[in-house]
Amino acid sequence: MASQNTATGRPRGRSADKRQAILGGALTVFARDGYTRASIDAIAAEAGVSTRTIYNHFTDKAELFQATIQESATLAAEAQLAIIDRHLRKITNLEADLLDFGRDFVTPMTAAHSAHFALVRQINADAGHIPQAAIDVWQETGPLRVRRELAKHLRQWSDQGLLRTADPDQAAVHLMLLISAVDPSRPGSGAATQEDIDDRIAAGVHVFLNGYRS
C-alpha cells in the first residue's frame with residue numbers, strides 16, 4: 001500500500017511522484033486536446049503510467065481535470081502575484097511603473113506557463129462540456145485571486161488620489177485586458193514580436209490612464 005501523509009491525507013514518496021507525473025501528463029494532453037477529446041489512455045501514455053495507476057489516484061477524468069487546472073492555475077497565479085507585488089507595491093512613477101508591470105505580467109502568459117494558458121484557451125472553447133465545479137475551481141484559484149490582488153493596489157492608488165475609480169475590481173479587469181490584448185485584425189499572423197508586445201502594452205497603459213488617472 002502506498003504510504004500516506006497522515007497530517008494532510010496526501011500521498012507521499014513514490015505515490016506523490018506518480019501523482020505529479022499524472023498531473024504533468026494531464027496538463028499536456030488537456031492543453032493539447034481539450035477536455036472532451038482527451039482520453040485517460042492518452043494521459044497515461046504521456047505520464048508514463050498505466051491507466052490503473054491514474055484511477056488509483058483519481059476517480060474519473062472530471063476529477064483529474066479539476067486537479068490539473070487547480071494546480072496549474074495556482075502556479076500561474078503565484079507567478080502573477082509576485083509580479084504584482086514587485087512592481088506595484090510602491091509607485092514612484094505611475095505610467096512607468098505600469099509599463100514595467102505590463103511587460104512582466106504578460107511573460108508567464110507567453111512563456112513560462114504556456115501549457116496552462118493553452119489549457120485556458122481549451123476551457124474557453126469547450127466550456128459547455130466541462131464540469132462547472134472545475135471551472136469554478138480554476139476561476140477562484142487563478143483569475144479571481146489575481147484580480148483581487150490587483151484591485152487592492154488600484155483601490156490604494158484611488159485612496160491616494162493617483163487614480164479615479166469607484167470600482168477597483170472593474171478597473172483591474174480593464175487593466176488586465178488592455179495590457180494582454182491581441183490584435184483581432186491580424187488572426188493567424190504568427191507569434192507577436194517583442195516590439196509588438198511592448199507597443200500593445202504601452203497603448204493599453206495609455207488607454208487605462210486616460211480613463212482612470214485623476
# chains A, B, ... in the order shown; residues from 1 in each chain; ligands from 1

call {"tool": "residues_around", "arguments": {"residues": "Ala166 in chain A", "least_positions_apart": "3", "cutoff": "12 Å", "atoms": "only C-alpha atoms", "output": "PDB file with N, CA, C and O atoms, in the first residue's frame"}}
result
ATOM      1  N   ALA A 151      -6.752  44.603  -7.821  1.00  0.00           N
ATOM      2  CA  ALA A 151      -7.754  45.592  -7.401  1.00  0.00           C
ATOM      3  C   ALA A 151      -7.378  46.238  -6.070  1.00  0.00           C
ATOM      4  O   ALA A 151      -7.658  47.425  -5.856  1.00  0.00           O
ATOM      5  N   LEU A 154      -5.090  49.041  -6.917  1.00  0.00           N
ATOM      6  CA  LEU A 154      -5.809  50.130  -7.570  1.00  0.00           C
ATOM      7  C   LEU A 154      -6.660  50.898  -6.565  1.00  0.00           C
ATOM      8  O   LEU A 154      -6.792  52.129  -6.664  1.00  0.00           O
ATOM      9  N   ARG A 155      -7.221  50.195  -5.603  1.00  0.00           N
ATOM     10  CA  ARG A 155      -8.008  50.853  -4.548  1.00  0.00           C
ATOM     11  C   ARG A 155      -7.102  51.780  -3.724  1.00  0.00           C
ATOM     12  O   ARG A 155      -7.496  52.905  -3.386  1.00  0.00           O
ATOM     13  N   GLN A 156      -5.910  51.311  -3.414  1.00  0.00           N
ATOM     14  CA  GLN A 156      -4.961  52.134  -2.657  1.00  0.00           C
ATOM     15  C   GLN A 156      -4.574  53.379  -3.445  1.00  0.00           C
ATOM     16  O   GLN A 156      -4.494  54.483  -2.886  1.00  0.00           O
ATOM     17  N   TRP A 157      -4.346  53.224  -4.748  1.00  0.00           N
ATOM     18  CA  TRP A 157      -3.982  54.378  -5.572  1.00  0.00           C
ATOM     19  C   TRP A 157      -5.134  55.363  -5.662  1.00  0.00           C
ATOM     20  O   TRP A 157      -4.916  56.575  -5.689  1.00  0.00           O
ATOM     21  N   SER A 158      -6.354  54.840  -5.700  1.00  0.00           N
ATOM     22  CA  SER A 158      -7.519  55.716  -5.710  1.00  0.00           C
ATOM     23  C   SER A 158      -7.611  56.492  -4.403  1.00  0.00           C
ATOM     24  O   SER A 158      -7.882  57.706  -4.410  1.00  0.00           O
ATOM     25  N   ASP A 159      -7.356  55.808  -3.303  1.00  0.00           N
ATOM     26  CA  ASP A 159      -7.374  56.480  -1.996  1.00  0.00           C
ATOM     27  C   ASP A 159      -6.295  57.562  -1.909  1.00  0.00           C
ATOM     28  O   ASP A 159      -6.468  58.575  -1.216  1.00  0.00           O
ATOM     29  N   LEU A 163      -5.492  57.605  -8.921  1.00  0.00           N
ATOM     30  CA  LEU A 163      -6.490  57.155  -9.875  1.00  0.00           C
ATOM     31  C   LEU A 163      -7.859  57.647  -9.429  1.00  0.00           C
ATOM     32  O   LEU A 163      -8.067  58.022  -8.273  1.00  0.00           O
ATOM     33  N   ASP A 169     -12.351  46.667  -8.747  1.00  0.00           N
ATOM     34  CA  ASP A 169     -12.407  45.343  -9.379  1.00  0.00           C
ATOM     35  C   ASP A 169     -12.593  45.479 -10.886  1.00  0.00           C
ATOM     36  O   ASP A 169     -11.931  44.786 -11.674  1.00  0.00           O
ATOM     37  N   GLN A 170     -13.493  46.345 -11.300  1.00  0.00           N
ATOM     38  CA  GLN A 170     -13.705  46.566 -12.722  1.00  0.00           C
ATOM     39  C   GLN A 170     -12.470  47.193 -13.360  1.00  0.00           C
ATOM     40  O   GLN A 170     -12.082  46.827 -14.481  1.00  0.00           O
ATOM     41  N   ALA A 171     -11.847  48.112 -12.660  1.00  0.00           N
ATOM     42  CA  ALA A 171     -10.629  48.739 -13.184  1.00  0.00           C
ATOM     43  C   ALA A 171      -9.527  47.695 -13.367  1.00  0.00           C
ATOM     44  O   ALA A 171      -8.763  47.750 -14.335  1.00  0.00           O
ATOM     45  N   ALA A 172      -9.435  46.741 -12.441  1.00  0.00           N
ATOM     46  CA  ALA A 172      -8.436  45.674 -12.561  1.00  0.00           C
ATOM     47  C   ALA A 172      -8.696  44.827 -13.798  1.00  0.00           C
ATOM     48  O   ALA A 172      -7.759  44.456 -14.522  1.00  0.00           O
ATOM     49  N   TYR A 212      -8.667  56.449 -16.212  1.00  0.00           N
ATOM     50  CA  TYR A 212      -8.718  56.324 -14.756  1.00  0.00           C
ATOM     51  C   TYR A 212      -7.821  57.299 -13.995  1.00  0.00           C
ATOM     52  O   TYR A 212      -7.984  57.453 -12.780  1.00  0.00           O
TER      53      TYR A 212
END

call {"tool": "closest_atom_pairs", "arguments": {"of": "range 92-177 of chain A", "to": "range 64-78 of chain A", "cutoff": "7 Å", "atoms": "only C-alpha atoms", "output": "CSV"}}
result
residue,atom,partner,partner_atom,distance
A:His113,CA,A:Ala76,CA,6.3
A:His116,CA,A:Ser72,CA,5.9
A:Ala134,CA,A:Gln66,CA,4.6
A:Val137,CA,A:Gln70,CA,6.2
A:Trp138,CA,A:Gln70,CA,5.5
A:Thr141,CA,A:Thr74,CA,5.8
A:Gly142,CA,A:Ala73,CA,4.8
A:Val146,CA,A:Ala77,CA,6.2

call {"tool": "write_last_selection", "arguments": {"atoms": "all heavy atoms", "output": "PDB file, in the first residue's frame"}}
result
ATOM      1  N   HIS A 113       4.446  29.734 -18.485  1.00  0.00           N
ATOM      2  CA  HIS A 113       3.241  28.968 -18.198  1.00  0.00           C
ATOM      3  C   HIS A 113       2.413  28.763 -19.461  1.00  0.00           C
ATOM      4  O   HIS A 113       1.181  28.819 -19.422  1.00  0.00           O
ATOM      5  CB  HIS A 113       2.430  29.680 -17.116  1.00  0.00           C
ATOM      6  CG  HIS A 113       3.169  29.793 -15.808  1.00  0.00           C
ATOM      7  ND1 HIS A 113       3.240  28.756 -14.905  1.00  0.00           N
ATOM      8  CD2 HIS A 113       3.896  30.800 -15.284  1.00  0.00           C
ATOM      9  CE1 HIS A 113       3.962  29.141 -13.866  1.00  0.00           C
ATOM     10  NE2 HIS A 113       4.379  30.360 -14.083  1.00  0.00           N
ATOM     11  N   HIS A 116      -0.337  26.095 -19.330  1.00  0.00           N
ATOM     12  CA  HIS A 116      -1.529  26.487 -18.573  1.00  0.00           C
ATOM     13  C   HIS A 116      -2.438  27.360 -19.419  1.00  0.00           C
ATOM     14  O   HIS A 116      -3.661  27.148 -19.453  1.00  0.00           O
ATOM     15  CB  HIS A 116      -1.136  27.245 -17.302  1.00  0.00           C
ATOM     16  CG  HIS A 116      -2.304  27.895 -16.626  1.00  0.00           C
ATOM     17  ND1 HIS A 116      -3.255  27.177 -15.947  1.00  0.00           N
ATOM     18  CD2 HIS A 116      -2.698  29.198 -16.569  1.00  0.00           C
ATOM     19  CE1 HIS A 116      -4.177  27.999 -15.481  1.00  0.00           C
ATOM     20  NE2 HIS A 116      -3.852  29.227 -15.852  1.00  0.00           N
ATOM     21  N   ALA A 134     -15.106  22.321 -11.961  1.00  0.00           N
ATOM     22  CA  ALA A 134     -13.724  22.542 -12.398  1.00  0.00           C
ATOM     23  C   ALA A 134     -13.530  23.988 -12.837  1.00  0.00           C
ATOM     24  O   ALA A 134     -12.493  24.602 -12.541  1.00  0.00           O
ATOM     25  CB  ALA A 134     -13.375  21.593 -13.541  1.00  0.00           C
ATOM     26  N   VAL A 137     -13.336  26.139  -9.690  1.00  0.00           N
ATOM     27  CA  VAL A 137     -12.041  25.989  -9.021  1.00  0.00           C
ATOM     28  C   VAL A 137     -10.963  26.769  -9.761  1.00  0.00           C
ATOM     29  O   VAL A 137     -10.140  27.454  -9.146  1.00  0.00           O
ATOM     30  CB  VAL A 137     -11.666  24.497  -8.908  1.00  0.00           C
ATOM     31  CG1 VAL A 137     -10.176  24.332  -8.604  1.00  0.00           C
ATOM     32  CG2 VAL A 137     -12.494  23.818  -7.828  1.00  0.00           C
ATOM     33  N   TRP A 138     -10.963  26.663 -11.077  1.00  0.00           N
ATOM     34  CA  TRP A 138      -9.982  27.402 -11.878  1.00  0.00           C
ATOM     35  C   TRP A 138     -10.121  28.908 -11.657  1.00  0.00           C
ATOM     36  O   TRP A 138      -9.125  29.601 -11.407  1.00  0.00           O
ATOM     37  CB  TRP A 138     -10.174  27.059 -13.357  1.00  0.00           C
ATOM     38  CG  TRP A 138      -9.623  28.083 -14.303  1.00  0.00           C
ATOM     39  CD1 TRP A 138      -8.354  28.596 -14.313  1.00  0.00           C
ATOM     40  CD2 TRP A 138     -10.330  28.747 -15.355  1.00  0.00           C
ATOM     41  NE1 TRP A 138      -8.231  29.528 -15.319  1.00  0.00           N
ATOM     42  CE2 TRP A 138      -9.417  29.633 -15.975  1.00  0.00           C
ATOM     43  CE3 TRP A 138     -11.630  28.648 -15.854  1.00  0.00           C
ATOM     44  CZ2 TRP A 138      -9.782  30.436 -17.050  1.00  0.00           C
ATOM     45  CZ3 TRP A 138     -11.982  29.443 -16.922  1.00  0.00           C
ATOM     46  CH2 TRP A 138     -11.072  30.323 -17.506  1.00  0.00           C
ATOM     47  N   THR A 141      -9.066  29.867  -7.997  1.00  0.00           N
ATOM     48  CA  THR A 141      -7.649  29.632  -7.734  1.00  0.00           C
ATOM     49  C   THR A 141      -6.750  30.560  -8.538  1.00  0.00           C
ATOM     50  O   THR A 141      -5.692  30.973  -8.059  1.00  0.00           O
ATOM     51  CB  THR A 141      -7.287  28.165  -8.064  1.00  0.00           C
ATOM     52  OG1 THR A 141      -8.154  27.293  -7.361  1.00  0.00           O
ATOM     53  CG2 THR A 141      -5.850  27.852  -7.687  1.00  0.00           C
ATOM     54  N   GLY A 142      -7.193  30.898  -9.757  1.00  0.00           N
ATOM     55  CA  GLY A 142      -6.347  31.678 -10.643  1.00  0.00           C
ATOM     56  C   GLY A 142      -6.827  33.091 -10.892  1.00  0.00           C
ATOM     57  O   GLY A 142      -6.454  34.028 -10.174  1.00  0.00           O
ATOM     58  N   VAL A 146      -5.963  36.642  -8.690  1.00  0.00           N
ATOM     59  CA  VAL A 146      -5.075  37.669  -9.245  1.00  0.00           C
ATOM     60  C   VAL A 146      -5.803  39.001  -9.358  1.00  0.00           C
ATOM     61  O   VAL A 146      -5.258  40.055  -9.013  1.00  0.00           O
ATOM     62  CB  VAL A 146      -4.541  37.219 -10.620  1.00  0.00           C
ATOM     63  CG1 VAL A 146      -3.768  38.340 -11.299  1.00  0.00           C
ATOM     64  CG2 VAL A 146      -3.646  35.983 -10.463  1.00  0.00           C
TER      65      VAL A 146
END

call {"tool": "closest_residue", "arguments": {"among": "A:Gln139, A:Leu119, A:Asn93, A:Asp85", "to": "Ala26 in chain A", "atoms": "only C-alpha atoms"}}
result
A:Leu119

call {"tool": "atom_distance", "arguments": {"atom1": "CA of Arg86 in chain A", "atom2": "CA of Gly24 in chain A"}}
result
28.6 Å

call {"tool": "closest_residue", "arguments": {"among": "A:Ala47, A:Val29, A:His153, A:Ala118", "to": "Ile84 in chain A", "atoms": "only C-alpha atoms"}}
result
A:His153

call {"tool": "closest_residue", "arguments": {"among": "A:Thr59, A:Asp33, A:Ile22, A:Phe101", "to": "Glu46 in chain A", "atoms": "only C-alpha atoms"}}
result
A:Ile22

call {"tool": "closest_residue", "arguments": {"among": "A:His57, A:Lys90, A:Arg52, A:Arg32", "to": "Ala115 in chain A", "atoms": "only C-alpha atoms"}}
result
A:Arg32

call {"tool": "closest_atom_pairs", "arguments": {"of": "range 23-132 of chain A", "to": "range 189-211 of chain A", "cutoff": "9 Å", "atoms": "only C-alpha atoms", "output": "tab-separated table"}}
result
residue	atom	partner	partner_atom	distance
A:Leu94	CA	A:Leu209	CA	9.0
A:Glu95	CA	A:Val205	CA	7.2
A:Leu98	CA	A:Val205	CA	6.8
A:Leu99	CA	A:Ala202	CA	6.3
A:Gly102	CA	A:Ile201	CA	6.1
A:Arg103	CA	A:Asp198	CA	6.8
A:Val106	CA	A:Ile197	CA	8.7
